[in-house]
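See below for protein_8.pdb, which holds PDB, C-alpha atoms.
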ATOM      1  CA  MET A 391     -55.240 108.398 165.162
ATOM      2  CA  ALA A 392     -55.322 105.363 162.899
ATOM      3  CA  ASP A 393     -58.784 104.681 161.504
ATOM      4  CA  ASN A 394     -58.430 100.944 162.142
ATOM      5  CA  ALA A 395     -57.353 101.236 165.797
ATOM      6  CA  PRO A 396     -59.542  99.300 168.265
ATOM      7  CA  GLY A 397     -62.470 101.342 169.471
ATOM      8  CA  ILE A 398     -62.296 104.001 166.745
ATOM      9  CA  GLU A 399     -65.426 102.854 164.943
ATOM     10  CA  ALA A 400     -67.315 102.585 168.235
ATOM     11  CA  TRP A 401     -66.123 106.070 169.218
ATOM     12  CA  LYS A 402     -67.337 107.482 165.888
ATOM     13  CA  GLU A 403     -70.630 105.590 166.088
ATOM     14  CA  HIS A 404     -71.499 106.523 169.667
ATOM     15  CA  THR A 405     -70.056 110.043 169.902
ATOM     16  CA  SER A 406     -71.135 113.094 167.943
ATOM     17  CA  ALA A 407     -68.584 115.043 165.926
ATOM     18  CA  PHE A 408     -69.001 117.970 168.337
ATOM     19  CA  ASP A 409     -68.276 115.761 171.367
ATOM     20  CA  ARG A 410     -65.211 114.237 169.698
ATOM     21  CA  VAL A 411     -63.831 117.684 168.821
ATOM     22  CA  ARG A 412     -64.530 118.943 172.342
ATOM     23  CA  SER A 413     -62.914 115.875 173.898
ATOM     24  CA  VAL A 414     -59.745 116.276 171.859
ATOM     25  CA  ALA A 415     -59.572 120.069 172.256
ATOM     26  CA  GLU A 416     -60.064 119.950 176.033
ATOM     27  CA  ALA A 417     -57.220 117.435 176.380
ATOM     28  CA  VAL A 418     -54.485 119.359 174.557
ATOM     29  CA  SER A 419     -51.619 120.693 176.619
ATOM     30  CA  GLN A 420     -50.278 122.976 173.887
ATOM     31  CA  PRO A 421     -52.265 125.100 171.399
ATOM     32  CA  ARG A 422     -53.289 123.040 168.377
ATOM     33  CA  SER A 423     -54.630 123.883 164.939
ATOM     34  CA  ALA A 424     -58.094 122.948 163.692
ATOM     35  CA  SER A 425     -56.425 120.548 161.272
ATOM     36  CA  ALA A 426     -54.569 118.681 164.032
ATOM     37  CA  ILE A 427     -57.692 118.498 166.196
ATOM     38  CA  ALA A 428     -59.769 117.352 163.213
ATOM     39  CA  ASP A 429     -57.329 114.513 162.509
ATOM     40  CA  GLU A 430     -57.488 113.264 166.067
ATOM     41  CA  ALA A 431     -61.268 113.742 166.388
ATOM     42  CA  LEU A 432     -61.841 111.974 163.042
ATOM     43  CA  VAL A 433     -63.817 114.814 161.478
ATOM     44  CA  ALA A 434     -63.352 117.066 158.472
ATOM     45  CA  GLU A 435     -61.293 120.189 159.120
ATOM     46  CA  ASN A 436     -64.254 122.497 158.359
ATOM     47  CA  THR A 437     -66.385 120.556 160.847
ATOM     48  CA  ALA A 438     -63.678 120.834 163.501
ATOM     49  CA  ARG A 439     -63.218 124.552 162.848
ATOM     50  CA  SER A 440     -66.970 125.159 163.193
ATOM     51  CA  HIS A 441     -67.154 123.244 166.474
ATOM     52  CA  LEU A 442     -63.953 124.865 167.785
ATOM     53  CA  GLU A 443     -65.379 128.328 167.115
ATOM     54  CA  ARG A 444     -68.525 127.348 169.018
ATOM     55  CA  LEU A 445     -66.366 126.168 171.945
ATOM     56  CA  VAL A 446     -64.542 129.521 171.887
ATOM     57  CA  GLU A 447     -67.913 131.318 172.045
ATOM     58  CA  MET A 448     -68.871 129.073 174.996
ATOM     59  CA  ASN A 449     -65.627 130.096 176.816
ATOM     60  CA  VAL A 450     -64.392 126.498 176.851
ATOM     61  CA  LEU A 451     -61.418 127.212 174.562
ATOM     62  CA  LEU A 452     -59.137 130.120 173.809
ATOM     63  CA  LYS A 453     -58.195 130.953 170.244
ATOM     64  CA  THR A 454     -54.861 132.510 169.337
ATOM     65  CA  ASP A 455     -53.220 133.262 166.033
ATOM     66  CA  ARG A 456     -49.699 132.145 165.218
ATOM     67  CA  GLU A 457     -48.353 133.166 161.826
ATOM     68  CA  GLY A 458     -51.832 133.187 160.288
ATOM     69  CA  THR A 459     -52.932 129.869 161.792
ATOM     70  CA  ALA A 460     -55.674 129.734 164.407
ATOM     71  CA  LEU A 461     -54.669 127.662 167.416
ATOM     72  CA  TYR A 462     -56.965 126.378 170.138
ATOM     73  CA  THR A 463     -56.275 125.523 173.770
ATOM     74  CA  PRO A 464     -58.443 125.004 176.862
ATOM     75  CA  ASP A 465     -59.430 128.223 178.629
ATOM     76  CA  PRO A 466     -57.650 128.114 182.017
ATOM     77  CA  LEU A 467     -60.604 129.773 183.766
ATOM     78  CA  TYR A 468     -62.998 127.167 182.370
ATOM     79  CA  VAL A 469     -60.645 124.371 183.465
ATOM     80  CA  ARG A 470     -60.350 125.873 186.954
ATOM     81  CA  ILE A 471     -64.116 126.239 187.401
ATOM     82  CA  ARG A 472     -64.703 122.714 186.129
ATOM     83  CA  THR A 473     -62.109 121.348 188.554
ATOM     84  CA  LEU A 474     -63.691 123.353 191.371
ATOM     85  CA  ARG A 475     -67.122 121.937 190.534
ATOM     86  CA  ASP A 476     -65.696 118.383 190.435
ATOM     87  CA  LEU A 477     -64.134 118.883 193.877
ATOM     88  CA  LEU A 478     -67.427 120.156 195.317
ATOM     89  CA  GLU A 479     -69.265 117.151 193.910
ATOM     90  CA  GLU A 480     -66.685 114.720 195.304
ATOM     91  CA  TYR A 481     -65.979 116.203 198.750
ATOM     92  CA  ASP A 482     -67.900 117.758 201.601
ATOM     93  CA  HIS A 483     -66.353 120.629 203.618
ATOM     94  CA  ASP A 484     -64.408 118.312 205.953
ATOM     95  CA  GLY A 485     -63.225 116.243 203.003
ATOM     96  CA  LEU A 486     -61.887 119.376 201.331
ATOM     97  CA  ILE A 487     -60.007 120.299 204.495
ATOM     98  CA  GLY A 488     -58.517 116.793 204.567
ATOM     99  CA  LEU A 489     -57.527 117.103 200.909
ATOM    100  CA  LYS A 490     -55.903 120.469 201.641
ATOM    101  CA  SER A 491     -53.900 118.867 204.429
ATOM    102  CA  ASP A 492     -52.779 116.021 202.129
ATOM    103  CA  LEU A 493     -51.654 118.468 199.433
ATOM    104  CA  GLN A 494     -49.812 120.629 201.975
ATOM    105  CA  LYS A 495     -48.076 117.541 203.357
ATOM    106  CA  ARG A 496     -46.851 116.557 199.868
ATOM    107  CA  ILE A 497     -45.401 120.029 199.353
ATOM    108  CA  GLU A 498     -43.752 120.006 202.777
ATOM    109  CA  THR A 499     -42.226 116.600 202.013
ATOM    110  CA  TRP A 500     -40.699 117.912 198.775
ATOM    111  CA  ARG A 501     -39.402 121.018 200.571
ATOM    112  CA  GLU A 502     -37.666 118.852 203.150
ATOM    113  CA  GLU A 503     -36.442 116.187 200.719
ATOM    114  CA  TYR A 504     -34.898 118.641 198.260
ATOM    115  CA  ASP A 505     -34.226 121.520 200.691
ATOM    116  CA  VAL A 506     -35.886 124.092 198.412
ATOM    117  CA  ASP A 507     -38.941 126.317 198.810
ATOM    118  CA  ALA A 508     -40.401 126.182 195.313
ATOM    119  CA  PRO A 509     -40.638 123.940 192.259
ATOM    120  CA  GLU A 510     -38.908 126.611 190.171
ATOM    121  CA  THR A 511     -35.801 126.267 192.348
ATOM    122  CA  LEU A 512     -36.042 122.514 191.996
ATOM    123  CA  ARG A 513     -36.117 122.860 188.186
ATOM    124  CA  GLU A 514     -32.911 124.904 188.374
ATOM    125  CA  ARG A 515     -31.340 122.080 190.339
ATOM    126  CA  ALA A 516     -32.381 119.610 187.633
ATOM    127  CA  GLY A 517     -30.282 121.588 185.170
ATOM    128  CA  GLN A 518     -27.250 121.180 187.399
ATOM    129  CA  THR A 519     -27.305 117.397 187.835
ATOM    130  CA  ASP A 520     -24.947 115.119 185.945
ATOM    131  CA  GLN A 521     -27.088 111.978 185.932
ATOM    132  CA  VAL A 522     -29.907 111.533 183.432
ATOM    133  CA  GLU A 523     -32.025 109.531 185.857
ATOM    134  CA  ARG A 524     -31.642 112.129 188.622
ATOM    135  CA  THR A 525     -32.446 114.984 186.213
ATOM    136  CA  SER A 526     -35.613 113.207 185.108
ATOM    137  CA  GLU A 527     -36.627 112.473 188.701
ATOM    138  CA  ILE A 528     -36.167 116.103 189.761
ATOM    139  CA  ARG A 529     -38.046 117.449 186.727
ATOM    140  CA  THR A 530     -40.926 115.055 187.397
ATOM    141  CA  THR A 531     -41.078 116.105 191.050
ATOM    142  CA  ALA A 532     -41.018 119.792 190.066
ATOM    143  CA  SER A 533     -43.945 119.218 187.686
ATOM    144  CA  GLU A 534     -45.884 117.314 190.344
ATOM    145  CA  TRP A 535     -45.159 120.091 192.837
ATOM    146  CA  GLU A 536     -46.453 122.750 190.425
ATOM    147  CA  LEU A 537     -49.621 120.769 189.794
ATOM    148  CA  THR A 538     -50.107 120.123 193.517
ATOM    149  CA  ARG A 539     -49.614 123.826 194.294
ATOM    150  CA  TYR A 540     -52.190 124.746 191.616
ATOM    151  CA  ARG A 541     -54.658 122.145 192.881
ATOM    152  CA  LEU A 542     -54.146 123.455 196.428
ATOM    153  CA  THR A 543     -55.287 126.931 195.316
ATOM    154  CA  ILE A 544     -58.488 125.434 193.918
ATOM    155  CA  VAL A 545     -59.106 123.411 197.081
ATOM    156  CA  GLU A 546     -58.563 126.538 199.189
ATOM    157  CA  ASP A 547     -61.044 128.398 196.972
ATOM    158  CA  ALA A 548     -63.578 125.587 197.453
ATOM    159  CA  ILE A 549     -63.109 125.687 201.246
ATOM    160  CA  GLU A 550     -63.285 129.483 201.465
ATOM    161  CA  ASN A 551     -66.444 129.671 199.366
ATOM    162  CA  TYR A 552     -67.998 126.335 200.304
ATOM    163  CA  ALA A 553     -71.261 127.807 201.592
ATOM    164  CA  THR A 554     -71.758 129.819 198.409
ATOM    165  CA  TYR A 555     -70.588 127.204 195.902
ATOM    166  CA  SER A 556     -72.302 124.174 197.411
ATOM    167  CA  ARG A 557     -75.753 125.587 198.178
ATOM    168  CA  ASP A 558     -78.552 123.332 196.972
ATOM    169  CA  ASP A 559     -80.493 126.331 195.674
ATOM    170  CA  ARG A 560     -77.622 127.800 193.635
ATOM    171  CA  ALA A 561     -79.460 127.013 190.387
ATOM    172  CA  THR A 562     -82.193 129.465 191.384
ATOM    173  CA  ALA A 563     -79.787 132.266 192.274
TER
END
Final structure tokens representation of the file:
Amino acid sequence: MADNAPGIEAWKEHTSAFDRVRSVAEAVSQPRSASAIADEALVAENTARSHLERLVEMNVLLKTDREGTALYTPDPLYVRIRTLRDLLEEYDHDGLIGLKSDLQKRIETWREEYDVDAPETLRERAGQTDQVERTSEIRTTASEWELTRYRLTIVEDAIENYATYSRDDRATA
């Protein structure tokens, strides 16, 4: 991130180093080193490493080692629970059922449109097309299908456990 980009100074002034490191680390889609996260979070590498280790201890991030370099990525369980909590805050039980129906309809539409049962099969088809635009379209749809299928599992979990997860007195349990 360029130090003179609009908003950078405001971000540094109004956000703690820990929050900047957490924000960057939670947004990565591939494992990243402390150095790469530090650069983007605008902190020293030692500061980033310290905060990243704390986030690992808090089960927010996973740490792996690749050729002697520690790499950090969001913990999928943490991401799932956070998404589940967001859904429960946004929707009531009926709203979750409606969302489930919408997600199922999207998947059914893709099944009918492409005449396949899974996004993996659709990805295989992308490798067989001759047109760049069509390949890109199919790959994008396959990715959206995978994400929709994953989100559907979380919505189903929220519906199945709604009474337990949404109780007002859950903080006292």
Shell of 9 Å around Ala508 in chain A, all atoms listed in the file, local chain residues under 2 positions omitted, as a CSV table (one decimal) with C-alpha atoms, in the coordinates of the input:
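Final output, result14.csv:
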chain,number,residue,atom,x,y,z
A,497,ILE,CA,-45.4,120.0,199.4
A,500,TRP,CA,-40.7,117.9,198.8
A,501,ARG,CA,-39.4,121.0,200.6
A,506,VAL,CA,-35.9,124.1,198.4
A,510,GLU,CA,-38.9,126.6,190.2
A,511,THR,CA,-35.8,126.3,192.3
A,512,LEU,CA,-36.0,122.5,192.0
A,513,ARG,CA,-36.1,122.9,188.2
A,532,ALA,CA,-41.0,119.8,190.1
A,535,TRP,CA,-45.2,120.1,192.8
A,536,GLU,CA,-46.5,122.8,190.4
(message) Taking 2 positions as the minimum chain separation for residues in the same chain, which residues sit within 9 Å of range 406-412 of chain A when counting all atoms listed in the file? Answer as a list in words.
(response) Trp401, Lys402, Glu403, His404, Val414, Ala415, Glu416, Ala417, Ile427, Ala428, Glu430, Ala431, Leu432, Val433, Thr437, Ala438, His441, Leu442, Leu445 and Val450 of chain A
Centre, x/y/z edge lengths, axis-aligned box for range 446-461 of chain A with 6 Å per side, as AutoDock Vina command-line options:
--center_x -58.6 --center_y 129.9 --center_z 168.6 --size_x 32.5 --size_y 18.8 --size_z 28.6
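Distance check against Val469 in chain A using all atoms listed in the file: of A:Thr519, A:Ser556, A:Thr525, A:Ser419, the minimum falls on A:Ser419.
If you look at CA of Ile471 in chain A and CA of Arg496 in chain A, they are 23.4 Å away from each other.
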(request) Give me the result of the PyMOL selection byres ((chain A and resi 546) around 12) on this file, residue by residue, as a PyMOL selection string. (result) chain A and resi 474+477-478+483+485-491+493-494+539-545+547-552
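For the set A:Arg524, A:Ala400, A:Ser423, A:Asp492, the residue with the smallest atom-to-atom gap to Tyr462 in chain A is A:Ser423, counting all atoms listed in the file.
Between CA of Ser526 in chain A and CA of Thr473 in chain A lies a distance of 27.9 Å.
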(request) Quick one: pull the distance between CA of Arg444 in chain A and CA of Ile398 in chain A, Å, one decimal. (result) 24.3 Å
